[in-house]
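Colleague: For reference, the structure I am asking about is given below.
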Amino acid sequence: LLKVVAAKGVDVLWNPGNTAPLRIACPQATTVYDMQFVHFPEDFSRAGLVVTRTLTRVSLRRSQAVLTISEFSRQEIARHTRTPFDAMRVTLLAADESFARPLPGETAVRAFAQVCKEIPHRLVLLGKPRRGEPAVAAALAEVPEPDRVVRLNYLSTTDLVAVYQGADLFVFPSAYEGFGLPPLEAMACGAP
């Protein structure tokens with residue numbers, strides 16, 4: 001790594017995983033996510049714990065900047081190491097954009113079709129048919145036990161609360177929402 005950094009003329013090296021090279025010819029920033037090895041040493045083998053503890057602490061001393069994922073982690077790192085607060089920066093995590101892409105409405109139906117023989121549940125589809133329904137209809141045709149799929153176009157608030165409270169799982173495969181109130185309603189009813 002030392003040769004690669006020198007050959008490429010790297011100005012700053014970012015180390016994304018708790019450790020940093022011991023010798024490097026440029027400033028470095030190291031991301032330390034947490035102090036798990038301090039609070040849960042049983043999650044590590046004896047050798048793994050020694051290596052993790054040693055390399056993390058040495059890396060913190062050799063880095064000109066330390067990045068971490070939350071103010072809590074920043075406080076933990078400061079508490080359990082000699083890293084000064086002003087040497088650390090919180091860089092919040094974010095989910096990859098692929099998580100924000102809505103799944104097609106038929107995804108829940110296809111998933112149910114794959115597992116329905118292994119579970120006792122029924123699939124309840126709530127809401128009027130909309131665009132994209134041909135794909136949902138095609139997915140419904142693949143369900144091996146179609147009598148276990150119920151389509152409800154409308155429910156009163158009282159009935160909706162009962163369905164939410166009786167659900168073992170709530171899925172919200174919406175393609176577009178200004179806010180998305182149904183997941184909050186389902187969560188308030190205790191539906192996972």
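Identifiers for the structure tokens are assigned positionally: chains receive A, B, ... in sequence, residues are indexed from 1 per chain, and ligands are indexed from 1 in the order shown.
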Give me the residues near Val12 (chain A) as a PyMOL selection string, where near means some atom within 10 Å (using only C-alpha atoms) and where sequence neighbours in that chain fewer than 3 positions away do not count.
Modeller: chain A and resi 5+9+15+24-29+64
Colleague: Could you list, as a PyMOL selection string, every residue within 8 Å of Ser59 (chain A), counting only C-alpha atoms and ignoring same-chain residues fewer than 2 positions away?
Modeller: chain A and resi 18-22+30+55-57+61-63
Colleague: Write the residues of the selection above to a file with all heavy atoms, as a tab-separated table (two decimals), in the first residue's frame.
Modeller:
```
chain	number	residue	atom	x	y	z
A	18	ASN	N	-11.89	0.90	10.59
A	18	ASN	CA	-11.31	0.86	11.95
A	18	ASN	C	-9.79	0.79	12.01
A	18	ASN	O	-9.23	1.01	13.07
A	18	ASN	CB	-11.86	-0.29	12.77
A	18	ASN	CG	-13.27	-0.07	13.24
A	18	ASN	OD1	-14.00	0.75	12.71
A	18	ASN	ND2	-13.66	-0.79	14.25
A	19	THR	N	-9.13	0.45	10.93
A	19	THR	CA	-7.67	0.34	11.00
A	19	THR	C	-7.02	1.18	9.91
A	19	THR	O	-7.63	1.50	8.90
A	19	THR	CB	-7.22	-1.13	10.84
A	19	THR	OG1	-7.62	-1.61	9.56
A	19	THR	CG2	-7.79	-2.00	11.95
A	20	ALA	N	-5.76	1.50	10.15
A	20	ALA	CA	-4.98	2.33	9.23
A	20	ALA	C	-3.60	1.72	9.07
A	20	ALA	O	-3.10	1.04	9.97
A	20	ALA	CB	-4.86	3.75	9.78
A	21	PRO	N	-2.97	1.97	7.92
A	21	PRO	CA	-1.60	1.48	7.75
A	21	PRO	C	-0.68	2.11	8.81
A	21	PRO	O	-0.85	3.26	9.18
A	21	PRO	CB	-1.22	1.96	6.36
A	21	PRO	CG	-2.49	2.31	5.68
A	21	PRO	CD	-3.46	2.68	6.74
A	22	LEU	N	0.27	1.33	9.26
A	22	LEU	CA	1.19	1.85	10.28
A	22	LEU	C	2.16	2.86	9.70
A	22	LEU	O	2.56	3.81	10.36
A	22	LEU	CB	1.95	0.69	10.93
A	22	LEU	CG	1.07	-0.32	11.67
A	22	LEU	CD1	1.92	-1.45	12.24
A	22	LEU	CD2	0.25	0.35	12.75
A	30	THR	N	-9.45	7.90	9.20
A	30	THR	CA	-9.90	6.54	9.47
A	30	THR	C	-11.30	6.56	10.05
A	30	THR	O	-11.58	7.34	10.96
A	30	THR	CB	-8.94	5.85	10.45
A	30	THR	OG1	-7.62	5.85	9.88
A	30	THR	CG2	-9.37	4.42	10.74
A	55	LEU	N	-4.98	-2.64	16.92
A	55	LEU	CA	-4.98	-1.93	15.64
A	55	LEU	C	-5.87	-0.69	15.65
A	55	LEU	O	-5.52	0.33	15.06
A	55	LEU	CB	-5.39	-2.87	14.51
A	55	LEU	CG	-4.37	-3.95	14.14
A	55	LEU	CD1	-4.90	-4.82	13.01
A	55	LEU	CD2	-3.03	-3.34	13.75
A	56	THR	N	-7.01	-0.78	16.32
A	56	THR	CA	-7.89	0.39	16.38
A	56	THR	C	-7.21	1.53	17.12
A	56	THR	O	-7.17	2.67	16.64
A	56	THR	CB	-9.23	0.04	17.05
A	56	THR	OG1	-9.88	-0.99	16.30
A	56	THR	CG2	-10.14	1.26	17.13
A	57	ARG	N	-6.61	1.24	18.24
A	57	ARG	CA	-5.98	2.31	19.03
A	57	ARG	C	-4.76	2.89	18.33
A	57	ARG	O	-4.55	4.10	18.31
A	57	ARG	CB	-5.64	1.79	20.41
A	57	ARG	CG	-6.94	1.58	21.18
A	57	ARG	CD	-6.76	1.07	22.55
A	57	ARG	NE	-8.11	0.91	23.11
A	57	ARG	CZ	-8.37	0.67	24.36
A	57	ARG	NH1	-7.40	0.57	25.20
A	57	ARG	NH2	-9.60	0.54	24.76
A	61	ARG	N	-4.30	6.86	16.71
A	61	ARG	CA	-3.15	7.75	16.97
A	61	ARG	C	-2.47	8.19	15.69
A	61	ARG	O	-1.95	9.29	15.59
A	61	ARG	CB	-2.15	7.06	17.89
A	61	ARG	CG	-2.61	7.02	19.34
A	61	ARG	CD	-1.48	6.68	20.30
A	61	ARG	NE	-0.86	5.38	20.04
A	61	ARG	CZ	-1.25	4.24	20.60
A	61	ARG	NH1	-2.28	4.22	21.42
A	61	ARG	NH2	-0.63	3.12	20.33
A	62	ARG	N	-2.46	7.34	14.68
A	62	ARG	CA	-1.75	7.64	13.43
A	62	ARG	C	-2.60	8.43	12.43
A	62	ARG	O	-2.08	8.89	11.43
A	62	ARG	CB	-1.27	6.35	12.79
A	62	ARG	CG	-0.22	5.66	13.63
A	62	ARG	CD	0.43	4.55	12.84
A	62	ARG	NE	1.46	3.91	13.61
A	62	ARG	CZ	2.72	4.32	13.71
A	62	ARG	NH1	3.10	5.40	13.07
A	62	ARG	NH2	3.59	3.65	14.42
A	63	SER	N	-3.88	8.58	12.70
A	63	SER	CA	-4.77	9.27	11.76
A	63	SER	C	-4.89	10.75	12.12
A	63	SER	O	-5.03	11.11	13.29
A	63	SER	CB	-6.15	8.62	11.78
A	63	SER	OG	-6.06	7.29	11.35
```
Colleague: Got a sec to tell me which of region 7-179 of chain A DSSP assigns to alpha helix (DSSP H), as a PyMOL selection string?
Modeller: chain A and resi 7-8+36-39+46-62+71-80+106-115+133-141+157-166
Colleague: Which one is closest to Cys189 (chain A): A:Val161, A:Glu76, A:Ser174, A:Arg151? Count only C-alpha atoms.
Modeller: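 Checking each of A:Val161, A:Glu76, A:Ser174, A:Arg151 against Cys189 (chain A), counting only C-alpha atoms, the winner is A:Val161.
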Colleague: May I ask which of the residues A:Leu93, A:Val150, A:Val50, A:Met88 is the closest one to Ile69 (chain A), counting only C-alpha atoms?
Modeller: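 Ranking A:Leu93, A:Val150, A:Val50, A:Met88 by distance to Ile69 (chain A), first place goes to A:Leu93.
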Colleague: Please provide as a list in words all residues within 8 Å of Phe170 (chain A), with the sequence filter that same-chain residues fewer than 6 positions apart are discarded (counting only C-alpha atoms).
Modeller: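 The neighbour list is Tyr164, Pro183, Ala186, Ala191 and Pro192 of chain A.
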Colleague: Taking the backbone alone, and naming residues the way the document does, which bits of region 52-118 of chain A are strand (DSSP E) by DSSP, as number ranges by chain?
Modeller: A: 65-68, 88-90
Colleague: Export, as a CSV table (one decimal), in the first residue's frame, the selected residues with C-alpha atoms.
Modeller:
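Written output follows (part-v2.csv):
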```
chain,number,residue,atom,x,y,z
A,65,ALA,CA,-8.8,12.7,11.2
A,66,VAL,CA,-11.2,10.2,12.7
A,67,LEU,CA,-14.6,9.7,11.2
A,68,THR,CA,-17.5,8.0,13.0
A,88,MET,CA,-13.2,13.4,15.2
A,89,ARG,CA,-16.0,14.2,12.7
A,90,VAL,CA,-19.4,12.6,12.7
```
Colleague: As an exercise, work out the distance from CA of Lys117 (chain A) to CA of Val143 (chain A) in Å and give it to one decimal place.
Modeller: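 Going from CA of Lys117 (chain A) over to CA of Val143 (chain A), I get 9.8 Å.
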Colleague: Report the distance between CA of Gln114 (chain A) and CA of Tyr154 (chain A) in Å, rounded to one decimal place.
Modeller: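 Taking CA of Gln114 (chain A) and CA of Tyr154 (chain A), their separation equals 26.8 Å.
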